[in-house]
file work-v6.cif (mmCIF, C-alpha atoms)
data_query
#
loop_
_atom_site.group_PDB
_atom_site.id
_atom_site.type_symbol
_atom_site.label_atom_id
_atom_site.label_comp_id
_atom_site.auth_asym_id
_atom_site.auth_seq_id
_atom_site.Cartn_x
_atom_site.Cartn_y
_atom_site.Cartn_z
ATOM 1 C CA MET A 1 6.919 -18.895 -17.891
ATOM 2 C CA MET A 2 6.295 -18.409 -14.184
ATOM 3 C CA GLN A 3 3.936 -20.592 -12.174
ATOM 4 C CA HIS A 4 0.848 -18.553 -11.395
ATOM 5 C CA ILE A 5 -2.868 -18.352 -10.776
ATOM 6 C CA PHE A 6 -5.120 -15.987 -12.701
ATOM 7 C CA LYS A 7 -8.635 -15.248 -11.467
ATOM 8 C CA GLN A 8 -10.876 -13.140 -13.671
ATOM 9 C CA GLY A 9 -12.632 -10.468 -11.656
ATOM 10 C CA ILE A 10 -16.249 -9.364 -11.819
ATOM 11 C CA ASP A 11 -15.249 -5.862 -12.920
ATOM 12 C CA LYS A 12 -12.694 -5.827 -15.730
ATOM 13 C CA THR A 13 -12.149 -2.091 -15.331
ATOM 14 C CA LYS A 14 -10.666 -2.589 -11.853
ATOM 15 C CA PRO A 15 -6.870 -2.843 -11.459
ATOM 16 C CA ILE A 16 -5.314 -6.288 -11.796
ATOM 17 C CA LEU A 17 -3.944 -7.277 -8.386
ATOM 18 C CA LEU A 18 -0.463 -8.778 -8.803
ATOM 19 C CA LEU A 19 0.292 -10.937 -5.747
ATOM 20 C CA LEU A 20 3.947 -11.539 -4.850
ATOM 21 C CA HIS A 21 4.664 -13.853 -1.919
ATOM 22 C CA GLY A 22 7.429 -13.829 0.667
ATOM 23 C CA THR A 23 10.331 -16.287 0.979
ATOM 24 C CA GLY A 24 9.038 -19.856 1.195
ATOM 25 C CA GLY A 25 5.579 -18.910 -0.031
ATOM 26 C CA ASN A 26 3.790 -19.658 -3.268
ATOM 27 C CA GLU A 27 1.084 -18.362 -5.556
ATOM 28 C CA VAL A 28 -1.693 -19.420 -3.143
ATOM 29 C CA ASP A 29 -0.457 -17.612 -0.016
ATOM 30 C CA LEU A 30 -1.701 -14.084 -0.666
ATOM 31 C CA LEU A 31 -5.016 -14.900 -2.337
ATOM 32 C CA PRO A 32 -6.950 -14.032 0.859
ATOM 33 C CA LEU A 33 -5.392 -10.545 0.737
ATOM 34 C CA ALA A 34 -6.911 -9.922 -2.680
ATOM 35 C CA ASP A 35 -10.386 -10.571 -1.268
ATOM 36 C CA VAL A 36 -9.774 -7.961 1.429
ATOM 37 C CA ILE A 37 -8.366 -5.385 -0.988
ATOM 38 C CA ASP A 38 -10.921 -5.724 -3.802
ATOM 39 C CA LYS A 39 -13.313 -8.648 -4.246
ATOM 40 C CA GLU A 40 -14.280 -7.498 -7.739
ATOM 41 C CA ALA A 41 -10.773 -7.154 -9.200
ATOM 42 C CA SER A 42 -8.898 -9.697 -11.301
ATOM 43 C CA VAL A 43 -5.974 -11.402 -9.588
ATOM 44 C CA LEU A 44 -2.634 -12.583 -10.953
ATOM 45 C CA SER A 45 -0.660 -14.430 -8.272
ATOM 46 C CA VAL A 46 2.886 -15.469 -9.185
ATOM 47 C CA ARG A 47 5.430 -17.891 -7.731
ATOM 48 C CA GLY A 48 9.106 -16.889 -7.681
ATOM 49 C CA ASN A 49 11.438 -18.928 -9.888
ATOM 50 C CA VAL A 50 14.390 -19.016 -7.468
ATOM 51 C CA MET A 51 14.783 -21.774 -4.873
ATOM 52 C CA GLU A 52 16.668 -21.282 -1.613
ATOM 53 C CA ASN A 53 16.889 -24.459 0.474
ATOM 54 C CA GLY A 54 13.625 -25.614 -1.070
ATOM 55 C CA MET A 55 11.901 -22.263 -0.529
ATOM 56 C CA PRO A 56 10.651 -20.232 -3.497
ATOM 57 C CA ARG A 57 11.951 -16.662 -3.823
ATOM 58 C CA PHE A 58 11.867 -14.004 -6.530
ATOM 59 C CA PHE A 59 15.653 -13.442 -6.624
ATOM 60 C CA ARG A 60 18.793 -14.898 -5.098
ATOM 61 C CA ARG A 61 20.614 -13.676 -2.040
ATOM 62 C CA LEU A 62 24.208 -14.417 -1.119
ATOM 63 C CA ALA A 63 23.525 -14.309 2.624
ATOM 64 C CA GLU A 64 20.895 -12.911 4.999
ATOM 65 C CA GLY A 65 20.466 -9.311 3.918
ATOM 66 C CA VAL A 66 23.062 -9.628 1.131
ATOM 67 C CA TYR A 67 21.433 -9.761 -2.286
ATOM 68 C CA ASP A 68 22.692 -10.933 -5.642
ATOM 69 C CA GLU A 69 22.136 -7.697 -7.547
ATOM 70 C CA GLU A 70 22.837 -9.247 -10.939
ATOM 71 C CA ASP A 71 20.165 -11.865 -10.319
ATOM 72 C CA LEU A 72 17.806 -9.193 -8.992
ATOM 73 C CA VAL A 73 18.048 -7.291 -12.270
ATOM 74 C CA PHE A 74 17.593 -10.498 -14.298
ATOM 75 C CA ARG A 75 14.595 -11.695 -12.269
ATOM 76 C CA THR A 76 12.946 -8.280 -12.368
ATOM 77 C CA GLU A 77 13.233 -8.342 -16.169
ATOM 78 C CA GLU A 78 11.842 -11.889 -16.138
ATOM 79 C CA LEU A 79 8.804 -10.806 -14.117
ATOM 80 C CA ASP A 80 8.202 -7.741 -16.280
ATOM 81 C CA THR A 81 8.329 -9.889 -19.423
ATOM 82 C CA PHE A 82 5.936 -12.388 -17.820
ATOM 83 C CA LEU A 83 3.466 -9.589 -17.107
ATOM 84 C CA ASP A 84 3.592 -8.622 -20.784
ATOM 85 C CA SER A 85 2.788 -12.169 -21.892
ATOM 86 C CA ALA A 86 0.136 -12.704 -19.192
ATOM 87 C CA SER A 87 -1.695 -9.532 -20.225
ATOM 88 C CA LYS A 88 -1.931 -10.869 -23.769
ATOM 89 C CA GLU A 89 -2.928 -14.376 -22.670
ATOM 90 C CA TYR A 90 -5.666 -13.236 -20.286
ATOM 91 C CA GLY A 91 -6.664 -10.058 -22.078
ATOM 92 C CA PHE A 92 -6.127 -7.505 -19.334
ATOM 93 C CA ASP A 93 -4.775 -3.949 -19.495
ATOM 94 C CA ARG A 94 -0.992 -4.101 -18.981
ATOM 95 C CA SER A 95 -0.962 -0.544 -17.647
ATOM 96 C CA ASN A 96 -3.551 -1.292 -14.945
ATOM 97 C CA ILE A 97 -1.573 -3.517 -12.542
ATOM 98 C CA ILE A 98 -1.236 -2.855 -8.817
ATOM 99 C CA ALA A 99 1.257 -5.082 -7.041
ATOM 100 C CA ILE A 100 0.671 -6.479 -3.561
ATOM 101 C CA GLY A 101 3.931 -7.864 -2.192
ATOM 102 C CA TYR A 102 5.067 -9.217 1.146
ATOM 103 C CA SER A 103 8.739 -9.270 2.209
ATOM 104 C CA ASN A 104 10.686 -10.737 -0.746
ATOM 105 C CA GLY A 105 7.617 -10.140 -2.915
ATOM 106 C CA ALA A 106 7.507 -6.494 -1.814
ATOM 107 C CA ASN A 107 11.179 -6.178 -2.718
ATOM 108 C CA ILE A 108 10.691 -7.474 -6.258
ATOM 109 C CA ALA A 109 7.694 -5.129 -6.633
ATOM 110 C CA ALA A 110 9.901 -2.201 -5.588
ATOM 111 C CA SER A 111 12.476 -3.429 -8.073
ATOM 112 C CA LEU A 112 9.836 -3.361 -10.833
ATOM 113 C CA LEU A 113 9.161 0.292 -10.047
ATOM 114 C CA PHE A 114 12.885 0.989 -10.032
ATOM 115 C CA HIS A 115 13.878 -0.848 -13.217
ATOM 116 C CA HIS A 116 10.588 -0.647 -15.174
ATOM 117 C CA LYS A 117 8.710 2.359 -13.812
ATOM 118 C CA ASP A 118 5.791 1.907 -16.212
ATOM 119 C CA SER A 119 5.272 -1.731 -15.235
ATOM 120 C CA LEU A 120 2.993 -0.928 -12.268
ATOM 121 C CA LYS A 121 0.141 1.515 -11.731
ATOM 122 C CA GLY A 122 0.774 1.364 -7.986
ATOM 123 C CA ALA A 123 2.015 -0.916 -5.233
ATOM 124 C CA ILE A 124 1.174 -2.212 -1.773
ATOM 125 C CA LEU A 125 4.461 -3.163 -0.112
ATOM 126 C CA HIS A 126 4.289 -5.108 3.145
ATOM 127 C CA HIS A 127 7.609 -5.134 5.056
ATOM 128 C CA PRO A 128 9.832 -4.056 2.172
ATOM 129 C CA LEU A 129 13.427 -3.043 1.844
ATOM 130 C CA PHE A 130 15.098 -2.250 -1.432
ATOM 131 C CA PRO A 131 18.244 -4.288 -2.005
ATOM 132 C CA ARG A 132 20.107 -1.839 -4.248
ATOM 133 C CA GLU A 133 21.991 1.076 -2.776
ATOM 134 C CA GLY A 134 23.388 4.211 -4.337
ATOM 135 C CA ALA A 135 21.323 4.081 -7.523
ATOM 136 C CA GLU A 136 19.069 6.899 -8.694
ATOM 137 C CA TRP A 137 15.359 6.177 -8.895
ATOM 138 C CA PRO A 138 13.349 6.984 -12.036
ATOM 139 C CA ASN A 139 10.620 9.622 -12.003
ATOM 140 C CA LEU A 140 7.690 8.047 -10.128
ATOM 141 C CA THR A 141 5.446 11.115 -10.140
ATOM 142 C CA GLY A 142 1.828 10.089 -9.767
ATOM 143 C CA ILE A 143 2.554 6.496 -8.687
ATOM 144 C CA PRO A 144 0.677 5.651 -5.449
ATOM 145 C CA VAL A 145 2.568 3.412 -3.024
ATOM 146 C CA TYR A 146 1.480 1.984 0.331
ATOM 147 C CA ILE A 147 4.222 0.757 2.664
ATOM 148 C CA SER A 148 3.563 -1.145 5.892
ATOM 149 C CA ALA A 149 6.378 -1.981 8.269
ATOM 150 C CA GLY A 150 7.050 -3.196 11.794
ATOM 151 C CA GLN A 151 9.082 -1.108 14.219
ATOM 152 C CA ASN A 152 10.462 -4.343 15.690
ATOM 153 C CA ASP A 153 10.972 -6.264 12.460
ATOM 154 C CA PRO A 154 14.225 -8.277 12.732
ATOM 155 C CA PHE A 155 14.360 -9.115 9.014
ATOM 156 C CA CYS A 156 13.385 -5.733 7.650
ATOM 157 C CA PRO A 157 14.709 -3.044 10.022
ATOM 158 C CA ALA A 158 12.607 0.101 10.322
ATOM 159 C CA VAL A 159 15.492 2.183 9.006
ATOM 160 C CA GLU A 160 15.430 0.181 5.742
ATOM 161 C CA SER A 161 11.717 0.689 5.131
ATOM 162 C CA THR A 162 12.074 4.365 6.009
ATOM 163 C CA ALA A 163 14.947 4.711 3.544
ATOM 164 C CA LEU A 164 12.857 3.128 0.802
ATOM 165 C CA GLN A 165 9.958 5.414 1.623
ATOM 166 C CA ASN A 166 12.168 8.509 1.475
ATOM 167 C CA LYS A 167 13.752 7.489 -1.830
ATOM 168 C CA MET A 168 10.338 6.936 -3.395
ATOM 169 C CA ILE A 169 9.074 10.290 -2.138
ATOM 170 C CA ILE A 170 12.118 12.044 -3.592
ATOM 171 C CA ALA A 171 11.387 10.249 -6.899
ATOM 172 C CA GLY A 172 7.895 11.742 -6.866
ATOM 173 C CA ALA A 173 5.792 8.780 -5.734
ATOM 174 C CA ASP A 174 2.733 9.395 -3.563
ATOM 175 C CA VAL A 175 3.750 7.265 -0.557
ATOM 176 C CA HIS A 176 1.597 6.368 2.427
ATOM 177 C CA ALA A 177 3.370 4.612 5.312
ATOM 178 C CA HIS A 178 1.646 2.465 7.932
ATOM 179 C CA TRP A 179 3.676 1.517 10.997
ATOM 180 C CA GLU A 180 3.036 -1.091 13.661
ATOM 181 C CA SER A 181 4.962 -2.153 16.745
ATOM 182 C CA ASN A 182 5.033 -5.762 15.548
ATOM 183 C CA GLY A 183 7.774 -7.772 13.852
ATOM 184 C CA HIS A 184 7.888 -9.291 10.382
ATOM 185 C CA SER A 185 4.520 -11.038 10.398
ATOM 186 C CA LEU A 186 1.729 -9.716 8.200
ATOM 187 C CA THR A 187 -1.081 -8.470 10.432
ATOM 188 C CA GLN A 188 -4.785 -8.083 9.814
ATOM 189 C CA THR A 189 -4.657 -4.411 10.756
ATOM 190 C CA GLU A 190 -1.988 -3.536 8.174
ATOM 191 C CA VAL A 191 -3.871 -5.451 5.484
ATOM 192 C CA GLN A 192 -7.078 -3.599 6.362
ATOM 193 C CA ALA A 193 -5.182 -0.296 6.307
ATOM 194 C CA ALA A 194 -3.941 -1.230 2.832
ATOM 195 C CA ALA A 195 -7.526 -1.935 1.758
ATOM 196 C CA ASP A 196 -8.647 1.483 3.031
ATOM 197 C CA TRP A 197 -5.760 3.137 1.179
ATOM 198 C CA TYR A 198 -6.578 1.228 -2.019
ATOM 199 C CA GLN A 199 -10.225 2.293 -1.917
ATOM 200 C CA LYS A 200 -9.220 5.952 -1.616
ATOM 201 C CA CYS A 201 -6.729 5.631 -4.497
ATOM 202 C CA THR A 202 -9.116 3.913 -6.872
ATOM 203 C CA SER A 203 -12.402 5.593 -6.033
#

call {"tool": "encode", "arguments": {"input": "work-v6.cif", "output": "structure tokens"}}
result
Amino acid sequence: MMQHIFKQGIDKTKPILLLLHGTGGNEVDLLPLADVIDKEASVLSVRGNVMENGMPRFFRRLAEGVYDEEDLVFRTEELDTFLDSASKEYGFDRSNIIAIGYSNGANIAASLLFHHKDSLKGAILHHPLFPREGAEWPNLTGIPVYISAGQNDPFCPAVESTALQNKMIIAGADVHAHWESNGHSLTQTEVQAAADWYQKCTS
């Protein structure tokens, strides 16, 4: 089981918003984002099970920018299995989940799409990079994905987010990219842009 918060939404037909925090965050951090994206939707906010110097993460890394790919695969499977059990516990549609991830949370969301393409209906990825190289993506035709990135992000270089975007497009995903001149911090403007994108995708 993964530590989490579930909030039942007003409209059960809306997508379930899966919130995935960044390194050092927890299941409370991104709750304000859910209110911006869709106040009526149900929310499932999850805490990563990996600890790095006392900071929660969703998978291990061997060094800055060097990821433990074996653990990534294991933790992605763990999260996918958790979503199965949570859907049964809380009675929501397993096929109606849209992930909202920031940094490490965005990376594990991308990994869900890569390893379990049917696990998400769509994804909002703030400052992502995908930590597996040289592998072929599954067919993501029809999957809407929003990516926001900073042109001056020291932890997630623009070239990495662009590479992820291009790989997803080649795989068939409907990708919208939002760029800012900022660094790694999550800005109000990129969150609002994500909300505008979400409304267009779900209306």

call {"tool": "closest_residue", "arguments": {"input": "work-v6.cif", "among": "A:Ala163, A:Leu129, A:Leu120, A:Ile5", "to": "Asn104 (chain A)", "atoms": "all atoms listed in the file"}}
result
A:Leu129

call {"tool": "residues_around", "arguments": {"input": "work-v6.cif", "residues": "region 84-94 of chain A", "least_positions_apart": "6", "cutoff": "8 Å", "atoms": "all atoms listed in the file", "output": "JSON, numbers by chain"}}
result
{"A": [12, 16, 119]}

call {"tool": "write_last_selection", "arguments": {"input": "work-v6.cif", "atoms": "C-alpha atoms", "output": "PDB file, in the frame of the given file"}}
result
ATOM      1  CA  LYS A  12     -12.694  -5.827 -15.730  1.00  0.00           C
ATOM      2  CA  ILE A  16      -5.314  -6.288 -11.796  1.00  0.00           C
ATOM      3  CA  SER A 119       5.272  -1.731 -15.235  1.00  0.00           C
TER       4      SER A 119
END

call {"tool": "resolve_selection", "arguments": {"input": "work-v6.cif", "expression": "the PyMOL selection byres ((chain A and resi 51) around 12)", "output": "list in words"}}
result
Thr23, Gly24, Gly25, Asn26, Arg47, Gly48, Asn49, Val50, Glu52, Asn53, Gly54, Met55, Pro56, Arg57, Phe58, Phe59, Arg60 and Arg61 of chain A

call {"tool": "write_last_selection", "arguments": {"input": "work-v6.cif", "atoms": "C-alpha atoms", "output": "PDB file, in the frame of the given file"}}
result
ATOM      1  CA  THR A  23      10.331 -16.287   0.979  1.00  0.00           C
ATOM      2  CA  GLY A  24       9.038 -19.856   1.195  1.00  0.00           C
ATOM      3  CA  GLY A  25       5.579 -18.910  -0.031  1.00  0.00           C
ATOM      4  CA  ASN A  26       3.790 -19.658  -3.268  1.00  0.00           C
ATOM      5  CA  ARG A  47       5.430 -17.891  -7.731  1.00  0.00           C
ATOM      6  CA  GLY A  48       9.106 -16.889  -7.681  1.00  0.00           C
ATOM      7  CA  ASN A  49      11.438 -18.928  -9.888  1.00  0.00           C
ATOM      8  CA  VAL A  50      14.390 -19.016  -7.468  1.00  0.00           C
ATOM      9  CA  GLU A  52      16.668 -21.282  -1.613  1.00  0.00           C
ATOM     10  CA  ASN A  53      16.889 -24.459   0.474  1.00  0.00           C
ATOM     11  CA  GLY A  54      13.625 -25.614  -1.070  1.00  0.00           C
ATOM     12  CA  MET A  55      11.901 -22.263  -0.529  1.00  0.00           C
ATOM     13  CA  PRO A  56      10.651 -20.232  -3.497  1.00  0.00           C
ATOM     14  CA  ARG A  57      11.951 -16.662  -3.823  1.00  0.00           C
ATOM     15  CA  PHE A  58      11.867 -14.004  -6.530  1.00  0.00           C
ATOM     16  CA  PHE A  59      15.653 -13.442  -6.624  1.00  0.00           C
ATOM     17  CA  ARG A  60      18.793 -14.898  -5.098  1.00  0.00           C
ATOM     18  CA  ARG A  61      20.614 -13.676  -2.040  1.00  0.00           C
TER      19      ARG A  61
END

call {"tool": "axis_aligned_box", "arguments": {"input": "work-v6.cif", "around": "region 66-81 of chain A", "padding_each_side": "3 Å", "output": "JSON"}}
result
{"center_x": 15.6, "center_y": -9.6, "center_z": -9.1, "size_x": 20.9, "size_y": 10.6, "size_z": 26.6}

call {"tool": "atom_distance", "arguments": {"input": "work-v6.cif", "atom1": "CA of Gly105 (chain A)", "atom2": "CA of Leu30 (chain A)"}}
result
10.4 Å

call {"tool": "resolve_selection", "arguments": {"input": "work-v6.cif", "expression": "the PyMOL selection byres ((chain A and resi 187) around 12)", "output": "ChimeraX atom specification"}}
result
/A:33,102,126-127,148-150,178-186,188-194

call {"tool": "closest_residue", "arguments": {"input": "work-v6.cif", "among": "A:Asn107, A:Ser203, A:Ser42, A:Thr81", "to": "Tyr67 (chain A)", "atoms": "all atoms listed in the file"}}
result
A:Asn107

call {"tool": "atom_distance", "arguments": {"input": "work-v6.cif", "atom1": "CA of Gly9 (chain A)", "atom2": "CA of Val175 (chain A)"}}
result
26.6 Å

call {"tool": "resolve_selection", "arguments": {"input": "work-v6.cif", "expression": "the PyMOL selection byres ((chain A and resi 45) around 6)", "output": "list in words"}}
result
His4, Ile5, Leu18, Leu19, Glu27, Leu44 and Val46 of chain A

call {"tool": "write_last_selection", "arguments": {"input": "work-v6.cif", "atoms": "C-alpha atoms", "output": "PDB file, keeping the file's coordinate frame"}}
result
ATOM      1  CA  HIS A   4       0.848 -18.553 -11.395  1.00  0.00           C
ATOM      2  CA  ILE A   5      -2.868 -18.352 -10.776  1.00  0.00           C
ATOM      3  CA  LEU A  18      -0.463  -8.778  -8.803  1.00  0.00           C
ATOM      4  CA  LEU A  19       0.292 -10.937  -5.747  1.00  0.00           C
ATOM      5  CA  GLU A  27       1.084 -18.362  -5.556  1.00  0.00           C
ATOM      6  CA  LEU A  44      -2.634 -12.583 -10.953  1.00  0.00           C
ATOM      7  CA  VAL A  46       2.886 -15.469  -9.185  1.00  0.00           C
TER       8      VAL A  46
END

call {"tool": "build_atoms", "arguments": {"input": "work-v6.cif", "residues": "region 113-125 of chain A", "atoms": "N, CA and C atoms", "output": "PDB file, keeping the file's coordinate frame"}}
result
ATOM      1  N   LEU A 113       9.314  -1.155  -9.957  1.00  0.00           N
ATOM      2  CA  LEU A 113       9.161   0.292 -10.047  1.00  0.00           C
ATOM      3  C   LEU A 113      10.491   0.968 -10.361  1.00  0.00           C
ATOM      4  N   PHE A 114      11.563   0.408  -9.830  1.00  0.00           N
ATOM      5  CA  PHE A 114      12.885   0.989 -10.032  1.00  0.00           C
ATOM      6  C   PHE A 114      13.401   0.748 -11.448  1.00  0.00           C
ATOM      7  N   HIS A 115      13.296  -0.478 -11.923  1.00  0.00           N
ATOM      8  CA  HIS A 115      13.878  -0.848 -13.217  1.00  0.00           C
ATOM      9  C   HIS A 115      12.906  -0.674 -14.385  1.00  0.00           C
ATOM     10  N   HIS A 116      11.604  -0.753 -14.114  1.00  0.00           N
ATOM     11  CA  HIS A 116      10.588  -0.647 -15.174  1.00  0.00           C
ATOM     12  C   HIS A 116       9.442   0.187 -14.625  1.00  0.00           C
ATOM     13  N   LYS A 117       9.629   1.487 -14.540  1.00  0.00           N
ATOM     14  CA  LYS A 117       8.710   2.359 -13.812  1.00  0.00           C
ATOM     15  C   LYS A 117       7.285   2.335 -14.368  1.00  0.00           C
ATOM     16  N   ASP A 118       7.125   1.958 -15.623  1.00  0.00           N
ATOM     17  CA  ASP A 118       5.791   1.907 -16.212  1.00  0.00           C
ATOM     18  C   ASP A 118       5.136   0.534 -16.059  1.00  0.00           C
ATOM     19  N   SER A 119       5.793  -0.366 -15.344  1.00  0.00           N
ATOM     20  CA  SER A 119       5.272  -1.731 -15.235  1.00  0.00           C
ATOM     21  C   SER A 119       4.114  -1.835 -14.246  1.00  0.00           C
ATOM     22  N   LEU A 120       4.030  -0.890 -13.294  1.00  0.00           N
ATOM     23  CA  LEU A 120       2.993  -0.928 -12.268  1.00  0.00           C
ATOM     24  C   LEU A 120       2.256   0.403 -12.182  1.00  0.00           C
ATOM     25  N   LYS A 121       0.956   0.320 -11.957  1.00  0.00           N
ATOM     26  CA  LYS A 121       0.141   1.515 -11.731  1.00  0.00           C
ATOM     27  C   LYS A 121       0.275   1.987 -10.292  1.00  0.00           C
ATOM     28  N   GLY A 122       0.611   1.063  -9.398  1.00  0.00           N
ATOM     29  CA  GLY A 122       0.774   1.364  -7.986  1.00  0.00           C
ATOM     30  C   GLY A 122       1.252   0.117  -7.271  1.00  0.00           C
ATOM     31  N   ALA A 123       1.487   0.236  -5.963  1.00  0.00           N
ATOM     32  CA  ALA A 123       2.015  -0.916  -5.233  1.00  0.00           C
ATOM     33  C   ALA A 123       1.647  -0.852  -3.758  1.00  0.00           C
ATOM     34  N   ILE A 124       1.347  -2.014  -3.212  1.00  0.00           N
ATOM     35  CA  ILE A 124       1.174  -2.212  -1.773  1.00  0.00           C
ATOM     36  C   ILE A 124       2.344  -3.074  -1.317  1.00  0.00           C
ATOM     37  N   LEU A 125       3.222  -2.496  -0.510  1.00  0.00           N
ATOM     38  CA  LEU A 125       4.461  -3.163  -0.112  1.00  0.00           C
ATOM     39  C   LEU A 125       4.436  -3.446   1.389  1.00  0.00           C
TER      40      LEU A 125
END
